[in-house]
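Chemist: What follows is start.txt; its format and atoms are compact mmCIF, C-alpha atoms and all ligand atoms.
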# COMPACT_ATOMS: atom_id res chain seq x y z
CA MET A 1 -15.31 -2.62 -6.72
CA ASN A 2 -16.09 -3.99 -10.17
CA ILE A 3 -13.94 -4.30 -13.26
CA ASP A 4 -16.01 -5.29 -16.30
CA GLY A 5 -18.83 -6.32 -13.99
CA LYS A 6 -16.65 -8.63 -11.86
CA PRO A 7 -16.08 -7.73 -8.20
CA TYR A 8 -12.48 -7.34 -7.07
CA ARG A 9 -10.49 -6.45 -4.03
CA THR A 10 -6.84 -5.48 -4.41
CA ILE A 11 -5.59 -8.41 -2.31
CA TRP A 12 -7.15 -11.68 -1.23
CA LEU A 13 -6.31 -15.14 0.10
CA GLY A 14 -5.18 -17.53 -2.66
CA SER A 15 -7.43 -20.51 -3.43
CA ASP A 16 -4.81 -22.84 -1.86
CA GLY A 17 -5.30 -21.05 1.46
CA ILE A 18 -1.55 -20.48 1.88
CA SER A 19 -0.81 -17.69 -0.61
CA ALA A 20 -2.12 -14.21 -1.35
CA GLU A 21 -3.21 -12.81 -4.69
CA ILE A 22 -2.91 -9.21 -5.81
CA ILE A 23 -3.76 -7.08 -8.81
CA ASP A 24 -0.40 -6.07 -10.33
CA GLN A 25 -0.84 -2.29 -10.43
CA THR A 26 2.31 -1.75 -12.50
CA LYS A 27 0.38 -3.30 -15.41
CA LEU A 28 -2.68 -1.03 -15.13
CA PRO A 29 -4.42 0.53 -16.98
CA PHE A 30 -3.31 -1.58 -19.95
CA ALA A 31 -3.68 -5.09 -18.51
CA LEU A 32 -5.42 -6.70 -15.55
CA GLU A 33 -2.90 -9.22 -14.25
CA ILE A 34 -3.18 -11.18 -11.03
CA VAL A 35 0.05 -12.13 -9.25
CA THR A 36 0.36 -14.83 -6.58
CA LEU A 37 2.51 -14.06 -3.53
CA ARG A 38 3.94 -17.25 -2.02
CA THR A 39 6.85 -16.06 0.09
CA LEU A 40 7.95 -13.21 2.32
CA GLU A 41 10.24 -12.09 -0.50
CA ASP A 42 7.31 -12.03 -2.97
CA ALA A 43 5.36 -9.75 -0.61
CA ALA A 44 8.33 -7.46 0.00
CA LEU A 45 9.01 -7.16 -3.72
CA ALA A 46 5.34 -6.47 -4.46
CA ILE A 47 5.49 -3.50 -2.08
CA SER A 48 8.89 -2.10 -3.09
CA SER A 49 8.22 -2.46 -6.84
CA MET A 50 4.77 -0.89 -6.36
CA GLN A 51 2.80 -3.83 -7.74
CA VAL A 52 0.77 -2.84 -4.69
CA ARG A 53 0.90 0.71 -3.40
CA GLY A 54 -1.22 3.14 -1.42
CA ALA A 55 -0.82 3.30 2.35
CA PRO A 56 -3.64 0.96 3.50
CA LEU A 57 -2.87 -1.63 0.81
CA ILE A 58 0.84 -1.59 1.70
CA GLY A 59 -0.23 -2.42 5.28
CA ALA A 60 -2.57 -5.22 4.16
CA THR A 61 0.14 -6.73 1.94
CA ALA A 62 2.65 -6.58 4.78
CA ALA A 63 0.18 -8.48 6.97
CA TYR A 64 -0.02 -11.25 4.36
CA GLY A 65 3.77 -11.06 4.02
CA VAL A 66 4.09 -11.98 7.69
CA ALA A 67 1.68 -14.89 7.18
CA LEU A 68 3.74 -16.15 4.23
CA ALA A 69 6.91 -15.85 6.31
CA MET A 70 5.36 -17.88 9.14
CA ARG A 71 5.01 -20.83 6.74
CA GLU A 72 8.80 -20.99 6.46
CA ASP A 73 9.79 -20.06 9.99
CA ALA A 74 7.20 -19.47 12.71
CA SER A 75 9.77 -18.87 15.45
CA ASP A 76 10.20 -15.52 17.21
CA ALA A 77 13.32 -15.00 15.11
CA GLY A 78 11.31 -15.71 11.94
CA LEU A 79 8.68 -13.19 12.99
CA ALA A 80 11.30 -10.53 13.75
CA LYS A 81 13.04 -11.15 10.43
CA ALA A 82 9.75 -10.87 8.50
CA CYS A 83 8.99 -7.54 10.16
CA ASP A 84 12.49 -6.21 9.39
CA VAL A 85 12.31 -7.23 5.74
CA LEU A 86 8.83 -5.78 5.23
CA ALA A 87 9.48 -2.58 7.21
CA ALA A 88 12.42 -1.82 4.91
CA THR A 89 10.33 -1.85 1.72
CA ARG A 90 8.91 1.69 1.79
CA PRO A 91 9.53 4.31 4.48
CA THR A 92 6.72 6.87 4.38
CA ALA A 93 3.37 5.08 4.77
CA VAL A 94 2.97 4.36 8.49
CA ASN A 95 0.23 1.80 7.79
CA LEU A 96 3.08 -0.59 7.09
CA ARG A 97 4.41 -0.35 10.63
CA TRP A 98 0.86 -0.35 12.01
CA ALA A 99 0.07 -3.64 10.25
CA LEU A 100 3.34 -5.24 11.38
CA ASP A 101 2.64 -4.19 14.98
CA GLU A 102 -0.84 -5.72 14.70
CA MET A 103 0.61 -8.99 13.43
CA VAL A 104 3.25 -9.16 16.17
CA ALA A 105 0.65 -8.42 18.87
CA GLU A 106 -1.47 -11.28 17.53
CA LEU A 107 1.26 -13.85 16.93
CA GLN A 108 3.76 -13.36 19.72
CA PRO A 109 1.54 -14.84 22.46
CA MET A 110 0.71 -17.88 20.26
CA PRO A 111 2.61 -21.17 20.23
CA GLU A 112 4.64 -21.55 17.04
CA ALA A 113 2.37 -24.34 15.77
CA ALA A 114 -0.61 -21.98 15.73
CA ARG A 115 1.11 -19.05 14.06
CA VAL A 116 0.54 -19.85 10.38
CA ALA A 117 -3.23 -20.17 10.80
CA GLY A 118 -3.28 -17.23 13.22
CA ALA A 119 -1.36 -15.01 10.81
CA PHE A 120 -3.54 -15.76 7.79
CA ALA A 121 -6.65 -15.19 9.92
CA ARG A 122 -5.39 -11.83 11.23
CA ALA A 123 -4.29 -10.71 7.75
CA ALA A 124 -7.77 -11.47 6.40
CA GLU A 125 -9.30 -9.59 9.32
CA ILE A 126 -7.09 -6.54 8.65
CA CYS A 127 -8.30 -6.59 5.05
CA ASP A 128 -11.97 -6.88 6.05
CA GLN A 129 -11.57 -4.09 8.60
CA ASP A 130 -9.96 -1.87 5.97
CA VAL A 131 -12.94 -2.36 3.67
CA GLU A 132 -15.38 -1.39 6.41
CA THR A 133 -13.23 1.55 7.53
CA CYS A 134 -13.07 2.92 4.00
CA ARG A 135 -16.80 2.43 3.51
CA LYS A 136 -17.39 4.55 6.61
CA ILE A 137 -14.94 7.22 5.38
CA GLY A 138 -17.07 7.30 2.24
CA GLU A 139 -20.26 7.75 4.24
CA HIS A 140 -18.85 10.66 6.24
CA GLY A 141 -17.22 12.36 3.26
CA MET A 142 -20.29 11.99 1.09
CA GLY A 143 -22.09 14.52 3.30
CA LEU A 144 -19.51 17.14 2.37
CA ILE A 145 -20.09 16.58 -1.34
CA GLU A 146 -23.85 16.60 -0.80
CA ALA A 147 -23.58 19.99 0.93
CA HIS A 148 -21.82 21.39 -2.14
CA ALA A 149 -24.48 19.89 -4.41
CA GLU A 150 -27.21 21.57 -2.34
CA ARG A 151 -25.38 24.89 -2.41
CA LYS A 152 -25.01 24.58 -6.18
CA LYS A 153 -28.71 23.63 -6.50
CA GLY A 154 -27.89 20.24 -8.03
CA LYS A 155 -25.25 21.47 -10.48
CA THR A 156 -22.19 19.25 -10.86
CA VAL A 157 -19.75 19.26 -7.93
CA ASN A 158 -16.15 19.44 -9.18
CA ILE A 159 -13.63 17.64 -6.99
CA LEU A 160 -9.86 17.66 -7.48
CA THR A 161 -7.77 14.73 -6.30
CA HIS A 162 -4.06 13.96 -6.41
CA CYS A 163 -2.39 10.58 -6.86
CA ASN A 164 -4.54 7.50 -6.29
CA ALA A 165 -6.38 7.20 -3.01
CA GLY A 166 -9.14 5.06 -4.44
CA TRP A 167 -9.95 1.38 -4.01
CA LEU A 168 -6.66 0.43 -5.68
CA ALA A 169 -4.80 2.14 -2.82
CA THR A 170 -6.76 0.28 -0.14
CA VAL A 171 -8.41 -3.15 -0.02
CA ASP A 172 -11.67 -1.71 -1.38
CA TRP A 173 -13.54 1.62 -1.63
CA GLY A 174 -10.49 3.88 -1.11
CA THR A 175 -10.12 6.84 1.18
CA ALA A 176 -10.33 10.06 -0.88
CA LEU A 177 -12.42 8.40 -3.59
CA ALA A 178 -14.83 6.58 -1.27
CA PRO A 179 -16.96 9.73 -0.68
CA ILE A 180 -17.00 10.34 -4.43
CA TYR A 181 -18.19 6.79 -5.18
CA GLN A 182 -20.90 7.06 -2.54
CA ALA A 183 -22.04 10.47 -3.81
CA PHE A 184 -22.10 9.18 -7.39
CA ASP A 185 -24.02 6.06 -6.37
CA LYS A 186 -26.56 8.29 -4.60
CA GLY A 187 -27.21 10.19 -7.82
CA ILE A 188 -25.27 13.36 -6.97
CA SER A 189 -23.70 14.88 -10.06
CA VAL A 190 -19.92 14.81 -9.59
CA HIS A 191 -16.91 15.37 -11.80
CA VAL A 192 -13.34 14.64 -10.77
CA TRP A 193 -10.23 16.53 -11.85
CA VAL A 194 -7.55 13.82 -11.83
CA ASP A 195 -3.96 15.08 -11.42
CA GLU A 196 -1.75 12.86 -13.60
CA THR A 197 0.71 12.55 -10.66
CA ARG A 198 4.17 12.44 -12.13
CA PRO A 199 6.47 10.63 -12.03
CA ARG A 200 4.59 7.34 -11.54
CA ASN A 201 1.32 8.68 -12.98
CA GLN A 202 -0.93 7.07 -10.38
CA GLY A 203 -3.63 9.61 -11.30
CA ALA A 204 -3.60 9.05 -15.05
CA SER A 205 -3.06 5.28 -14.80
CA LEU A 206 -4.97 4.23 -11.69
CA THR A 207 -7.43 6.91 -10.56
CA ALA A 208 -8.69 7.45 -14.10
CA PHE A 209 -8.91 3.66 -14.56
CA GLU A 210 -11.01 3.04 -11.48
CA LEU A 211 -13.24 6.09 -11.87
CA GLY A 212 -13.86 5.07 -15.46
CA ALA A 213 -14.66 1.49 -14.46
CA HIS A 214 -17.29 2.86 -12.04
CA GLY A 215 -18.67 5.35 -14.57
CA VAL A 216 -17.66 8.48 -12.63
CA PRO A 217 -17.10 11.48 -14.96
CA HIS A 218 -13.50 12.67 -14.74
CA THR A 219 -10.83 14.63 -16.58
CA ILE A 220 -7.08 13.99 -16.35
CA VAL A 221 -5.01 17.15 -16.02
CA ALA A 222 -1.27 17.78 -15.95
CA ASP A 223 -0.05 18.15 -12.38
CA ASN A 224 0.43 21.91 -12.57
CA THR A 225 -3.13 22.64 -13.71
CA GLY A 226 -4.81 22.69 -10.29
CA GLY A 227 -3.94 26.31 -9.47
CA HIS A 228 -5.41 27.52 -12.73
CA LEU A 229 -8.56 25.48 -12.25
CA MET A 230 -9.04 26.88 -8.76
CA GLN A 231 -8.50 30.49 -9.92
CA ALA A 232 -11.13 29.88 -12.60
CA GLY A 233 -13.67 28.64 -10.05
CA LEU A 234 -13.67 25.14 -11.53
CA VAL A 235 -12.91 23.27 -8.31
CA ASP A 236 -15.48 23.09 -5.49
CA LEU A 237 -13.33 21.02 -3.16
CA CYS A 238 -10.16 18.95 -3.07
CA ILE A 239 -10.00 15.51 -1.44
CA VAL A 240 -6.71 13.64 -1.14
CA GLY A 241 -5.37 10.72 0.88
CA THR A 242 -2.38 10.55 3.20
CA ASP A 243 0.46 8.15 3.93
CA ARG A 244 1.19 9.43 7.39
CA THR A 245 -0.62 11.92 9.60
CA THR A 246 1.24 13.26 12.61
CA ALA A 247 -0.38 13.86 16.01
CA ASN A 248 -0.56 17.61 15.26
CA GLY A 249 -2.44 17.02 11.98
CA ASP A 250 0.33 17.46 9.39
CA VAL A 251 -0.01 15.05 6.46
CA ALA A 252 2.48 13.40 4.14
CA ASN A 253 1.00 12.50 0.78
CA LYS A 254 2.16 12.09 -2.82
CA ILE A 255 4.62 14.71 -4.02
CA GLY A 256 2.71 17.78 -5.23
CA THR A 257 -0.06 17.58 -2.65
CA TYR A 258 1.38 20.56 -0.73
CA LEU A 259 1.22 22.81 -3.80
CA LYS A 260 -2.44 21.91 -4.31
CA ALA A 261 -3.16 22.74 -0.68
CA LEU A 262 -1.43 26.13 -1.07
CA ALA A 263 -3.44 26.89 -4.20
CA ALA A 264 -6.64 25.82 -2.44
CA LYS A 265 -5.91 28.13 0.51
CA ASP A 266 -5.20 31.07 -1.80
CA ASN A 267 -8.45 30.51 -3.65
CA GLY A 268 -10.74 29.74 -0.72
CA VAL A 269 -11.27 26.14 -1.89
CA GLN A 270 -11.87 23.48 0.77
CA PHE A 271 -9.02 20.98 1.07
CA PHE A 272 -9.95 17.73 2.81
CA VAL A 273 -7.71 14.79 3.65
CA ALA A 274 -9.33 11.35 4.00
CA LEU A 275 -7.69 8.83 6.30
CA PRO A 276 -8.18 5.69 8.35
CA HIS A 277 -6.89 5.45 11.94
CA SER A 278 -4.00 3.26 10.73
CA THR A 279 -2.47 6.29 8.99
CA ILE A 280 -2.07 8.30 12.19
CA ASP A 281 1.45 8.28 13.62
CA TRP A 282 0.96 9.23 17.27
CA THR A 283 4.73 9.07 17.83
CA LEU A 284 5.41 12.13 15.69
CA ASP A 285 4.34 15.64 16.64
CA ASP A 286 5.44 17.44 13.49
CA GLY A 287 5.24 16.60 9.80
CA ARG A 288 8.86 17.62 9.29
CA GLU A 289 9.84 14.43 11.15
CA ILE A 290 8.18 12.16 8.56
CA PRO A 291 10.68 10.14 6.49
CA ILE A 292 10.24 11.07 2.84
CA GLU A 293 10.91 8.29 0.38
CA GLN A 294 13.31 9.04 -2.46
CA ARG A 295 12.93 6.67 -5.39
CA ASP A 296 15.11 5.92 -8.36
CA ALA A 297 15.87 8.92 -10.59
CA SER A 298 14.95 6.89 -13.67
CA GLU A 299 11.26 7.28 -12.73
CA VAL A 300 11.70 11.02 -13.45
CA THR A 301 13.89 10.76 -16.54
CA HIS A 302 11.76 8.05 -18.16
CA MET A 303 8.09 7.40 -18.79
CA THR A 304 6.21 4.18 -19.39
CA GLY A 305 3.25 4.01 -21.73
CA GLN A 306 1.51 2.01 -24.41
CA LEU A 307 2.63 2.25 -28.03
CA PRO A 308 0.04 2.25 -30.86
CA ASP A 309 0.75 -1.46 -31.48
CA GLY A 310 -0.26 -2.26 -27.90
CA GLU A 311 3.25 -2.87 -26.61
CA VAL A 312 4.04 -1.22 -23.27
CA ALA A 313 7.40 0.54 -23.42
CA THR A 314 9.57 2.79 -21.27
CA VAL A 315 11.12 5.78 -23.01
CA ALA A 316 13.58 8.47 -21.94
CA ILE A 317 12.27 12.04 -21.70
CA ALA A 318 15.49 13.73 -20.52
CA PRO A 319 19.03 14.05 -21.84
CA PRO A 320 21.17 11.11 -20.72
CA GLY A 321 23.64 13.32 -18.82
CA SER A 322 21.13 15.15 -16.59
CA SER A 323 20.74 14.08 -12.99
CA ALA A 324 17.27 13.90 -11.47
CA ALA A 325 15.83 13.78 -7.94
CA ASN A 326 12.73 11.77 -7.12
CA TYR A 327 11.06 12.76 -3.85
CA ALA A 328 7.96 10.59 -3.63
CA PHE A 329 6.03 12.52 -0.95
CA ASP A 330 5.72 15.97 0.57
CA VAL A 331 4.21 17.29 3.77
CA THR A 332 1.15 19.53 3.91
CA PRO A 333 0.95 21.44 7.20
CA ALA A 334 -2.29 21.06 9.14
CA ARG A 335 -3.04 24.80 8.77
CA LEU A 336 -3.71 24.24 5.05
CA VAL A 337 -6.13 21.36 5.61
CA THR A 338 -9.84 22.18 6.01
CA GLY A 339 -10.57 18.93 7.78
CA PHE A 340 -10.00 15.20 8.07
CA ILE A 341 -12.55 12.71 6.78
CA THR A 342 -12.18 9.60 8.93
CA GLU A 343 -14.15 6.45 9.63
CA ARG A 344 -15.39 8.16 12.80
CA GLY A 345 -16.52 11.39 11.16
CA VAL A 346 -15.19 14.70 9.88
CA THR A 347 -12.93 16.61 12.24
CA PRO A 348 -10.59 19.62 12.22
CA ALA A 349 -7.03 18.90 11.05
CA SER A 350 -5.34 19.49 14.38
CA ARG A 351 -4.23 17.70 17.53
CA GLU A 352 -7.55 18.69 19.12
CA GLY A 353 -9.52 17.54 16.08
CA LEU A 354 -7.88 14.12 16.12
CA SER A 355 -8.34 13.74 19.85
CA LEU A 356 -12.08 14.41 19.48
CA LEU A 357 -12.27 11.10 17.61
CA TYR A 358 -9.30 9.07 18.83
CA SER A 359 -7.26 8.74 21.95
CA ARG A 360 -3.48 8.59 21.49
CA GLN A 361 -2.14 5.11 20.59
CA GLU A 362 -5.67 3.88 20.06
CA ALA A 363 -6.22 1.38 17.26
CA PRO A 364 -9.98 1.33 16.79
CA SER A 365 -11.68 -0.81 14.19
O1 LIG B 1 3.53 6.00 -3.94
P1 LIG B 1 2.12 5.55 -3.72
O2 LIG B 1 1.38 5.26 -4.98
O3 LIG B 1 2.06 4.40 -2.73
O4 LIG B 1 1.43 6.79 -3.04
C1 LIG B 1 0.08 6.72 -2.69
C2 LIG B 1 -0.45 7.98 -2.13
O5 LIG B 1 0.24 8.96 -2.03
C3 LIG B 1 -1.86 7.96 -1.65
O6 LIG B 1 -2.43 9.22 -1.79
C4 LIG B 1 -1.86 7.58 -0.16
O7 LIG B 1 -1.24 6.34 0.01
C5 LIG B 1 -3.21 7.53 0.39
S1 LIG B 1 -3.98 5.99 -0.08
C6 LIG B 1 -5.50 5.79 0.43
Output the file's structure in the form of C-alpha cells.
Modeler:
Amino acid sequence: MNIDGKPYRTIWLGSDGISAEIIDQTKLPFALEIVTLRTLEDAALAISSMQVRGAPLIGATAAYGVALAMREDASDAGLAKACDVLAATRPTAVNLRWALDEMVAELQPMPEAARVAGAFARAAEICDQDVETCRKIGEHGMGLIEAHAERKKGKTVNILTHCNAGWLATVDWGTALAPIYQAFDKGISVHVWVDETRPRNQGASLTAFELGAHGVPHTIVADNTGGHLMQAGLVDLCIVGTDRTTANGDVANKIGTYLKALAAKDNGVQFFVALPHSTIDWTLDDGREIPIEQRDASEVTHMTGQLPDGEVATVAIAPPGSSAANYAFDVTPARLVTGFITERGVTPASREGLSLLYSRQEAPS
C-alpha cells in the first residue's frame, strides 16, 4: 500500500541482505519510522513491544527472526533456541507458531552452511505468499460488499471493523480491510466505522491512518458505539480479523470483538471474519482452549497521544491506586459468525465450512 504516494510493505529484507526492516507501528500515526532488525533479540522485541503486530505480520517477523538467528548460530540447537525465544513473545496469534513450523520444516533438512540463505529465502517467500493470500481474501470479500451495494441501489455501504486487520497487520493488503480496499478501488461507495480499540487504540491510530492514506471514507467511534450504530441501522455488515481460529470455527480476536458479534446477532447484521489459512489452529476444537494474552495494566491506566506542540506523551487516566486488568483478546463463538472470508472463498464459520476449503493440517499457499 502507499503512504504519501510511496509503496510500502510492513516488513522487507534490508538493503544489506542480512537484516529486515519494519515500519515501527508504535510511532504511527504521528511518525513514519523504519527500524532495522539485525538480531533474533531485535525481532523478538519488535513483536513483544508491538512495533509489529497483527497475526500475519507477527508470523512474517518471526520468520525473519529465525533467519537473523541463523546468522549467529545455524546449528540445530540455534534453530531450537530461536523458535523458543520467538514463540514466547506473544501467545494468542497462532500465525507465529505456523511461521516457526514452516521455518523448521525448511531448515532442518539443510546442512548448517546453507541455513542462513535458506532462512532468508523462506522468510521472503512467506511474506510474498501472505501478500497474495490477502489479495485473494480481498477478492472474495469484495463480492459481499458489492452485494450490499446492489441491494442498496448504489448507496454507501457502511462497514464496521474492530482493531486493525488492514495492511499494517499483514505484509500488505490486510485481511478484514482487503475487501474494503478492493471495493473502494472498484468504485463502490463504502464508509468504515472504525472502533478506536482501547487500550492500544489500533483502530484510531492504525486503521484510521491506513484508510485515510488510501482515501477510504471512515469515522472513528468509541469502542462501545457499535451497538447503538447497529440499532440505528447504520451498519450494513461487520468485518474483523482473527488471531486464531479453532477447528470448530471459534475465533479469537482483539478484546471487544465478541461484544460486537453479539450486537450484530441481535440486530440481524452480518458479521464476517476474514482469515488466511495460517490463522487456523487445527489442534484446538474449541475457542475456550485459546490462550488469551494479558498485557501490562499500564496500557489500561495510561494513554499515549500527541500534545499540541507535537510531542508524543503518555498520560495517566486512572487514579494511581486502582488496579487494572488488560485482556488483549476475546473469543467469539462460531455461532455468532456469519461466515469466513478466506483466500479460497467465503465459507460458513463451522468445522464443516472450514473443511469445504481446507483439509486438517493442510498449509496451502
Ligand atoms: O494486539 P494486536 O494489535 O496484534 O491485535 C491484532 C488483531 O486483533 C487483529 O484483528 C488480528 O491480528 C487480525 S490481523 C489481520
Chemist: Taking every listed atom of region 254-268 of chain A and adding 4 Å to each side, what centre and edge lengths in Å (one decimal) does the axis-aligned box have, as AutoDock Vina command-line options?
Modeler:
--center_x -3.1 --center_y 21.6 --center_z -2.4 --size_x 23.4 --size_y 27.0 --size_z 13.7
Chemist: For the interface of chain A with ligand LIG 1 (chain B) (cut-off 8 Å, counting only C-alpha atoms and all ligand atoms), please tabulate each contacting residue of chain A alongside its nearest pair of atoms and their separation in Å to one decimal, rows sorted by chain and increasing number, as JSON lines.
Modeler:
{"residue": "A:Met50", "atom": "CA", "partner": "B:LIG1", "partner_atom": "O3", "distance": 7.0}
{"residue": "A:Val52", "atom": "CA", "partner": "B:LIG1", "partner_atom": "O3", "distance": 7.6}
{"residue": "A:Arg53", "atom": "CA", "partner": "B:LIG1", "partner_atom": "O3", "distance": 3.9}
{"residue": "A:Gly54", "atom": "CA", "partner": "B:LIG1", "partner_atom": "O7", "distance": 3.5}
{"residue": "A:Ala55", "atom": "CA", "partner": "B:LIG1", "partner_atom": "O7", "distance": 3.9}
{"residue": "A:Pro56", "atom": "CA", "partner": "B:LIG1", "partner_atom": "C6", "distance": 6.0}
{"residue": "A:Leu57", "atom": "CA", "partner": "B:LIG1", "partner_atom": "S1", "distance": 7.8}
{"residue": "A:Ile58", "atom": "CA", "partner": "B:LIG1", "partner_atom": "O3", "distance": 7.5}
{"residue": "A:Ala93", "atom": "CA", "partner": "B:LIG1", "partner_atom": "O7", "distance": 6.7}
{"residue": "A:His162", "atom": "CA", "partner": "B:LIG1", "partner_atom": "O6", "distance": 6.8}
{"residue": "A:Cys163", "atom": "CA", "partner": "B:LIG1", "partner_atom": "O6", "distance": 5.2}
{"residue": "A:Asn164", "atom": "CA", "partner": "B:LIG1", "partner_atom": "O6", "distance": 5.3}
{"residue": "A:Ala165", "atom": "CA", "partner": "B:LIG1", "partner_atom": "C6", "distance": 3.8}
{"residue": "A:Gly166", "atom": "CA", "partner": "B:LIG1", "partner_atom": "C6", "distance": 6.1}
{"residue": "A:Trp167", "atom": "CA", "partner": "B:LIG1", "partner_atom": "C6", "distance": 7.7}
{"residue": "A:Ala169", "atom": "CA", "partner": "B:LIG1", "partner_atom": "S1", "distance": 4.8}
{"residue": "A:Thr170", "atom": "CA", "partner": "B:LIG1", "partner_atom": "C6", "distance": 5.7}
{"residue": "A:Gly174", "atom": "CA", "partner": "B:LIG1", "partner_atom": "C6", "distance": 5.6}
{"residue": "A:Thr175", "atom": "CA", "partner": "B:LIG1", "partner_atom": "C6", "distance": 4.8}
{"residue": "A:Ala176", "atom": "CA", "partner": "B:LIG1", "partner_atom": "C6", "distance": 6.6}
{"residue": "A:Arg200", "atom": "CA", "partner": "B:LIG1", "partner_atom": "O2", "distance": 7.6}
{"residue": "A:Gln202", "atom": "CA", "partner": "B:LIG1", "partner_atom": "O2", "distance": 6.1}
{"residue": "A:Val240", "atom": "CA", "partner": "B:LIG1", "partner_atom": "O6", "distance": 6.2}
{"residue": "A:Gly241", "atom": "CA", "partner": "B:LIG1", "partner_atom": "C5", "distance": 3.9}
{"residue": "A:Thr242", "atom": "CA", "partner": "B:LIG1", "partner_atom": "C5", "distance": 4.2}
{"residue": "A:Asp243", "atom": "CA", "partner": "B:LIG1", "partner_atom": "O7", "distance": 4.6}
{"residue": "A:Ala252", "atom": "CA", "partner": "B:LIG1", "partner_atom": "O5", "distance": 7.9}
{"residue": "A:Asn253", "atom": "CA", "partner": "B:LIG1", "partner_atom": "O5", "distance": 4.6}
{"residue": "A:Lys254", "atom": "CA", "partner": "B:LIG1", "partner_atom": "O5", "distance": 3.8}
{"residue": "A:Ile255", "atom": "CA", "partner": "B:LIG1", "partner_atom": "O5", "distance": 7.5}
{"residue": "A:Ala274", "atom": "CA", "partner": "B:LIG1", "partner_atom": "C6", "distance": 7.6}
{"residue": "A:Leu275", "atom": "CA", "partner": "B:LIG1", "partner_atom": "C6", "distance": 7.0}
{"residue": "A:Ala328", "atom": "CA", "partner": "B:LIG1", "partner_atom": "O1", "distance": 6.4}
{"residue": "A:Phe329", "atom": "CA", "partner": "B:LIG1", "partner_atom": "O5", "distance": 6.9}
Chemist: Considering all atoms listed in the file, state which residue in the set A:Lys136, A:Gly249, A:Ala114, A:Ile126 is at the smallest distance from Thr347 (chain A).
Modeler: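 Selected residue with least distance to Thr347 (chain A): A:Gly249.
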Chemist: What is the distance, in Å and to one decimal place, between CA of Ala77 (chain A) and CA of Pro111 (chain A)?
Modeler: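 Between CA of Ala77 (chain A) and CA of Pro111 (chain A) the gap is 13.4 Å.
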Chemist: Find the spatial neighbours of Asp42 (chain A), counting all atoms listed in the file, within a cut-off of 12 Å - ignore same-chain residues fewer than 5 positions away - and output them as a PDB file with C-alpha atoms, in the frame of the given file.
Modeler:
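The file below, selection_6.pdb, is the result:
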ATOM      1  CA  SER A  19      -0.810 -17.690  -0.610  1.00  0.00           C
ATOM      2  CA  ALA A  20      -2.120 -14.210  -1.350  1.00  0.00           C
ATOM      3  CA  GLU A  21      -3.210 -12.810  -4.690  1.00  0.00           C
ATOM      4  CA  ILE A  22      -2.910  -9.210  -5.810  1.00  0.00           C
ATOM      5  CA  VAL A  35       0.050 -12.130  -9.250  1.00  0.00           C
ATOM      6  CA  THR A  36       0.360 -14.830  -6.580  1.00  0.00           C
ATOM      7  CA  LEU A  37       2.510 -14.060  -3.530  1.00  0.00           C
ATOM      8  CA  ILE A  47       5.490  -3.500  -2.080  1.00  0.00           C
ATOM      9  CA  SER A  48       8.890  -2.100  -3.090  1.00  0.00           C
ATOM     10  CA  SER A  49       8.220  -2.460  -6.840  1.00  0.00           C
ATOM     11  CA  MET A  50       4.770  -0.890  -6.360  1.00  0.00           C
ATOM     12  CA  GLN A  51       2.800  -3.830  -7.740  1.00  0.00           C
ATOM     13  CA  VAL A  52       0.770  -2.840  -4.690  1.00  0.00           C
ATOM     14  CA  THR A  61       0.140  -6.730   1.940  1.00  0.00           C
ATOM     15  CA  ALA A  62       2.650  -6.580   4.780  1.00  0.00           C
ATOM     16  CA  TYR A  64      -0.020 -11.250   4.360  1.00  0.00           C
ATOM     17  CA  GLY A  65       3.770 -11.060   4.020  1.00  0.00           C
ATOM     18  CA  VAL A  66       4.090 -11.980   7.690  1.00  0.00           C
ATOM     19  CA  ALA A  67       1.680 -14.890   7.180  1.00  0.00           C
ATOM     20  CA  LEU A  68       3.740 -16.150   4.230  1.00  0.00           C
ATOM     21  CA  ALA A  69       6.910 -15.850   6.310  1.00  0.00           C
ATOM     22  CA  ALA A  82       9.750 -10.870   8.500  1.00  0.00           C
ATOM     23  CA  VAL A  85      12.310  -7.230   5.740  1.00  0.00           C
ATOM     24  CA  LEU A  86       8.830  -5.780   5.230  1.00  0.00           C
ATOM     25  CA  THR A  89      10.330  -1.850   1.720  1.00  0.00           C
TER      26      THR A  89
END
Chemist: For region 332-344 of chain A, find every residue with an atom within 7 Å (counting only C-alpha atoms), except residues of its own chain fewer than 5 positions away, and show them as a compact mmCIF listing (two decimals) with C-alpha atoms, in the frame of the given file.
Modeler:
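Okay, this is what ended up in selection.txt:
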# COMPACT_ATOMS: atom_id res chain seq x y z
CA THR A 133 -13.23 1.55 7.53
CA CYS A 134 -13.07 2.92 4.00
CA LYS A 136 -17.39 4.55 6.61
CA ILE A 137 -14.94 7.22 5.38
CA HIS A 140 -18.85 10.66 6.24
CA GLY A 141 -17.22 12.36 3.26
CA GLY A 249 -2.44 17.02 11.98
CA ASP A 250 0.33 17.46 9.39
CA VAL A 251 -0.01 15.05 6.46
CA ALA A 252 2.48 13.40 4.14
CA THR A 257 -0.06 17.58 -2.65
CA TYR A 258 1.38 20.56 -0.73
CA ALA A 261 -3.16 22.74 -0.68
CA LEU A 262 -1.43 26.13 -1.07
CA LYS A 265 -5.91 28.13 0.51
CA GLN A 270 -11.87 23.48 0.77
CA PHE A 271 -9.02 20.98 1.07
CA PHE A 272 -9.95 17.73 2.81
CA VAL A 273 -7.71 14.79 3.65
CA ALA A 274 -9.33 11.35 4.00
CA LEU A 275 -7.69 8.83 6.30
CA PRO A 276 -8.18 5.69 8.35
CA GLY A 287 5.24 16.60 9.80
CA ALA A 349 -7.03 18.90 11.05
CA SER A 350 -5.34 19.49 14.38
CA LEU A 357 -12.27 11.10 17.61
Chemist: Of the residues A:Gly187, A:Arg115, A:Met230, A:Arg97, which is the one nearest to Ile159 (chain A), using all atoms listed in the file?
Modeler: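 Ranked by minimum distance to Ile159 (chain A), first place goes to A:Met230.
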Chemist: Pick out the closest residue to Met303 (chain A) from this set: A:Asp128, A:Asn248, A:Asn201, A:Val331. Count all atoms listed in the file.
Modeler: A:Asn201
Chemist: Here is a test: counting all atoms listed in the file, which residue of A:Ser298, A:Thr26, A:Ser189, A:Thr197 is nearest to Gly215 (chain A)?
Modeler: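 Once distances to Gly215 (chain A) are computed over all atoms listed in the file, the minimum belongs to A:Ser189.
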Chemist: Check the smallest atom-to-atom distance from each of A:Pro109, A:Ala213, A:Gly226, A:Gly59 to Val171 (chain A) using only C-alpha atoms, then report the winner.
Modeler: A:Gly59
